[in-house]
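In what follows, a single structure is set out as structure tokens and then discussed.
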Amino acid sequence: MTGPYPDPPAFVSFELFPPKTDAGETTLARAVDQMASADPAYFSVTYGAGGSTRDRTARVVDMVGSRTGRPVAHHLTCVGASRDEVDRLARGLHDKGITRIVALRGDLPEGQRLAPDGYGDAAELVAGLRRVAEFDISVAAYPEVHPEAASAMADLDHLKRKLDAGAARAITQFTFDTDVILRFVDRARAAGITAPIVPGIMPVANFAGLKRFSAMCGATVPDWLARMFEGLDDAPETRAMVATSVATEQCRLLMEAGLTEFHFYTLNRPEVSLAVCRALGITPAVPAESAA
């Protein structure tokens, strides 16, 4: 292709979350059909705090798999369940043919602690899943350091524990400062981590919502990003164009540095993620209702 991208990314994947209503699931099904046009390597479906969306997560995983024929990764957390309960759930997923897992400690609801008979952290969860069955396991990485980590080195040591326990790759928390991602990858390699590190890309759908979410997970929202979205609350088309530009430029810089696998936090909205894919050289099929 012509332009700044000599080759498309090696692969992209799309993350979804379970809607709270049946109507939301119907809307998501239409969005999934659109996202499937980009031929992602896989989809993933998140899990609420304390496993609160377990049933809806399972329904969305089944729906996405049946509609797209693509692999679907089921998120699993340590929170709100004993080891036996997690193992039974994992065994049931494997029996259904779901062999991809995103293994996370999970967010603790206020006032709740990990079960004394549960997995203590994501590294223990990975090791437990490997004992249950042959899963393809992804884990989380934090370029800006997990908010609860004692230090950047302790956070990196924990990531290495998760990978050494049997995870296949690490997916990063979204970070808008691309240099932070690249420095993190360099530090990980220097620490002996050789597994793939896949940057998580967050197309900005709603800037106010992004700020709230970023504050909860410890991701920095740079001033330059705030300026770019200032005044666009009631201008959805312009906001989408700016979001596409920001995410595309980040991917371009990461590709120049040799990173060619991307995980999109879609927030169940396909438009910007698909626009970025097109800019990167992945040409999604045009939906039938849009082709004229």
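Ligands are numbered from 1 in the order shown, chains are lettered A, B, ... in the order of the structure tokens, and residues start at 1 in each chain.
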So which residues touch Arg67 in chain A within 12 Å, counting only C-alpha atoms, skipping near sequence neighbours fewer than 4 positions away, as a PyMOL selection string? chain A and resi 28-37+43+60-63+71-72
Name all residues at most 10 Å from Glu124 in chain A (count only C-alpha atoms; drop same-chain ones fewer than 5 positions away) and give them as a tab-separated table (two decimals) with C-alpha atoms, in the first residue's frame.
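The result, stored in result_12.tsv:
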```tsv
chain	number	residue	atom	x	y	z
A	78	CYS	CA	-9.64	-13.92	41.27
A	83	ARG	CA	-10.19	-21.66	43.67
A	103	ALA	CA	-6.46	-13.65	33.52
A	105	ARG	CA	-6.74	-10.25	39.69
A	118	GLY	CA	-9.24	-18.14	46.37
A	119	TYR	CA	-6.33	-17.31	44.11
A	129	LEU	CA	-5.65	-22.26	34.81
A	130	ARG	CA	-2.66	-24.06	33.35
A	161	ARG	CA	5.68	-13.96	37.55
A	162	LYS	CA	2.46	-14.01	35.53
A	165	ALA	CA	3.41	-19.05	35.33
```
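Distances to Gly24 in chain A were evaluated for A:Ser273, A:Thr244, A:Asn268, A:Thr220 using only C-alpha atoms, and the minimum falls at A:Asn268.
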Here is a test: counting only C-alpha atoms, which residue of A:Ala150, A:Val272, A:Ala90, A:Leu114 is nearest to Met202 in chain A? A:Val272
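The space separating CA of Leu93 in chain A from CA of Leu274 in chain A comes to 29.0 Å.
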Determine which residues of range 115-199 of chain A receive a DSSP assignment of helix (DSSP H, G or I), computed from the backbone, and state them as a PyMOL selection string. chain A and resi 122-132+152-164+178-190
Given only C-alpha atoms, how would the per-residue table for range 85-193 of chain A near range 247-255 of chain A read, listing every residue at most 12 Å away with its closest atom pair and distance in Å to one decimal, sorted by chain and number, as JSON lines?
```
{"residue": "A:Phe174", "atom": "CA", "partner": "A:Ala247", "partner_atom": "CA", "distance": 10.8}
{"residue": "A:Thr175", "atom": "CA", "partner": "A:Gln250", "partner_atom": "CA", "distance": 9.7}
{"residue": "A:Phe176", "atom": "CA", "partner": "A:Gln250", "partner_atom": "CA", "distance": 7.7}
{"residue": "A:Asp177", "atom": "CA", "partner": "A:Gln250", "partner_atom": "CA", "distance": 8.4}
{"residue": "A:Thr178", "atom": "CA", "partner": "A:Gln250", "partner_atom": "CA", "distance": 6.3}
{"residue": "A:Asp179", "atom": "CA", "partner": "A:Leu254", "partner_atom": "CA", "distance": 9.0}
{"residue": "A:Val180", "atom": "CA", "partner": "A:Leu254", "partner_atom": "CA", "distance": 11.0}
{"residue": "A:Ile181", "atom": "CA", "partner": "A:Leu254", "partner_atom": "CA", "distance": 8.5}
{"residue": "A:Leu182", "atom": "CA", "partner": "A:Leu254", "partner_atom": "CA", "distance": 7.7}
{"residue": "A:Arg183", "atom": "CA", "partner": "A:Leu254", "partner_atom": "CA", "distance": 11.4}
{"residue": "A:Val185", "atom": "CA", "partner": "A:Leu254", "partner_atom": "CA", "distance": 10.9}
```
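All residues of protein, DNA or RNA that reach within 12 Å of Ala275 in chain A, judged by only C-alpha atoms and not counting those fewer than 6 positions away in the chain, are Gln34, Met35, Ser37, Ala38, Pro203, Ala240, Met241, Val242, Ala243, Thr244, Ser245, Val246, Ala247, Thr248, Phe264, Thr266, Arg269, Gly281, Ile282, Thr283, Pro284, Ala285 and Val286 of chain A.
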Output N, CA, C and O atoms for every residue in that selection, as a compact mmCIF listing (two decimals), in the first residue's frame.
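Once written, result02.txt looks like this:
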```txt
# COMPACT_ATOMS: atom_id res chain seq x y z
N GLN A 34 -20.07 -5.48 12.65
CA GLN A 34 -19.22 -4.50 11.99
C GLN A 34 -17.74 -4.76 12.29
O GLN A 34 -16.89 -4.72 11.41
N MET A 35 -17.42 -5.00 13.57
CA MET A 35 -16.03 -5.22 13.94
C MET A 35 -15.45 -6.46 13.29
O MET A 35 -14.26 -6.50 12.95
N SER A 37 -15.75 -7.39 10.44
CA SER A 37 -15.32 -7.11 9.07
C SER A 37 -13.83 -6.81 8.98
O SER A 37 -13.23 -6.89 7.91
N ALA A 38 -13.20 -6.44 10.12
CA ALA A 38 -11.77 -6.17 10.14
C ALA A 38 -10.94 -7.43 10.36
O ALA A 38 -9.72 -7.35 10.45
N PRO A 203 -9.42 4.24 21.71
CA PRO A 203 -10.04 5.32 20.94
C PRO A 203 -10.99 6.10 21.84
O PRO A 203 -11.81 5.51 22.55
N ALA A 240 -15.11 12.15 16.65
CA ALA A 240 -14.69 10.86 16.11
C ALA A 240 -13.47 11.01 15.21
O ALA A 240 -12.57 10.16 15.21
N MET A 241 -13.44 12.09 14.42
CA MET A 241 -12.28 12.31 13.55
C MET A 241 -11.02 12.56 14.37
O MET A 241 -9.95 12.04 14.05
N VAL A 242 -11.14 13.36 15.44
CA VAL A 242 -9.99 13.62 16.30
C VAL A 242 -9.54 12.33 16.98
O VAL A 242 -8.34 12.03 17.04
N ALA A 243 -10.49 11.54 17.48
CA ALA A 243 -10.15 10.28 18.14
C ALA A 243 -9.44 9.34 17.18
O ALA A 243 -8.47 8.66 17.55
N THR A 244 -9.91 9.29 15.95
CA THR A 244 -9.26 8.44 14.94
C THR A 244 -7.83 8.89 14.69
O THR A 244 -6.90 8.08 14.61
N SER A 245 -7.65 10.19 14.58
CA SER A 245 -6.32 10.74 14.32
C SER A 245 -5.36 10.42 15.46
O SER A 245 -4.22 10.00 15.23
N VAL A 246 -5.82 10.60 16.70
CA VAL A 246 -4.96 10.36 17.86
C VAL A 246 -4.53 8.89 17.93
O VAL A 246 -3.35 8.57 18.10
N ALA A 247 -5.51 7.98 17.78
CA ALA A 247 -5.19 6.56 17.89
C ALA A 247 -4.34 6.08 16.72
O ALA A 247 -3.42 5.26 16.90
N THR A 248 -4.61 6.60 15.53
CA THR A 248 -3.82 6.20 14.37
C THR A 248 -2.37 6.65 14.51
O THR A 248 -1.44 5.89 14.22
N PHE A 264 -7.63 -3.22 20.90
CA PHE A 264 -8.46 -2.02 20.97
C PHE A 264 -9.52 -2.16 22.06
O PHE A 264 -10.31 -3.11 22.05
N THR A 266 -12.64 -1.07 22.69
CA THR A 266 -13.63 -0.46 21.80
C THR A 266 -14.77 0.24 22.53
O THR A 266 -15.47 1.04 21.92
N ARG A 269 -18.08 0.38 20.76
CA ARG A 269 -18.36 1.31 19.67
C ARG A 269 -17.41 1.01 18.52
O ARG A 269 -16.19 1.21 18.66
N GLY A 281 -4.08 0.14 7.29
CA GLY A 281 -3.92 -0.78 6.17
C GLY A 281 -4.79 -2.01 6.24
O GLY A 281 -4.71 -2.89 5.38
N ILE A 282 -5.64 -2.11 7.32
CA ILE A 282 -6.60 -3.19 7.40
C ILE A 282 -7.91 -2.64 6.83
O ILE A 282 -8.47 -1.68 7.38
N THR A 283 -8.39 -3.19 5.77
CA THR A 283 -9.56 -2.64 5.08
C THR A 283 -10.79 -3.46 5.40
O THR A 283 -11.05 -4.49 4.77
N PRO A 284 -11.56 -3.01 6.40
CA PRO A 284 -12.78 -3.75 6.72
C PRO A 284 -13.77 -3.71 5.58
O PRO A 284 -13.83 -2.73 4.81
N ALA A 285 -14.53 -4.78 5.44
CA ALA A 285 -15.59 -4.79 4.44
C ALA A 285 -16.64 -3.74 4.79
O ALA A 285 -16.93 -3.51 5.96
N VAL A 286 -17.19 -3.09 3.78
CA VAL A 286 -18.22 -2.08 4.01
C VAL A 286 -19.53 -2.80 4.29
O VAL A 286 -19.96 -3.65 3.50
```
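The residue that comes closest to Gly200 in chain A, out of A:Ala257, A:Ile171, A:Val145, A:Val276 and on the basis of only C-alpha atoms, is A:Ile171.
If only C-alpha atoms are the atoms counted, then among A:Arg59, A:Arg187, A:His158, A:His74 the closest residue to Ile137 in chain A is A:His74.
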Nearby residues (only C-alpha atoms) at most 7 Å from Pro40 in chain A, same-chain spacing under 6 positions excluded, as a list in words: Phe11, Val12, Ser13 and Phe14 of chain A
Please, which residues of range 23-86 of chain A, numbered as in this document, come out strand (DSSP E or B) from DSSP, as a ChimeraX atom specification? /A:42-45,72-77
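Taking only C-alpha atoms into account, Gly80 in chain A lies nearest to A:Ala115 out of the set A:Leu159, A:Ala115, A:Met216, A:Ala167.
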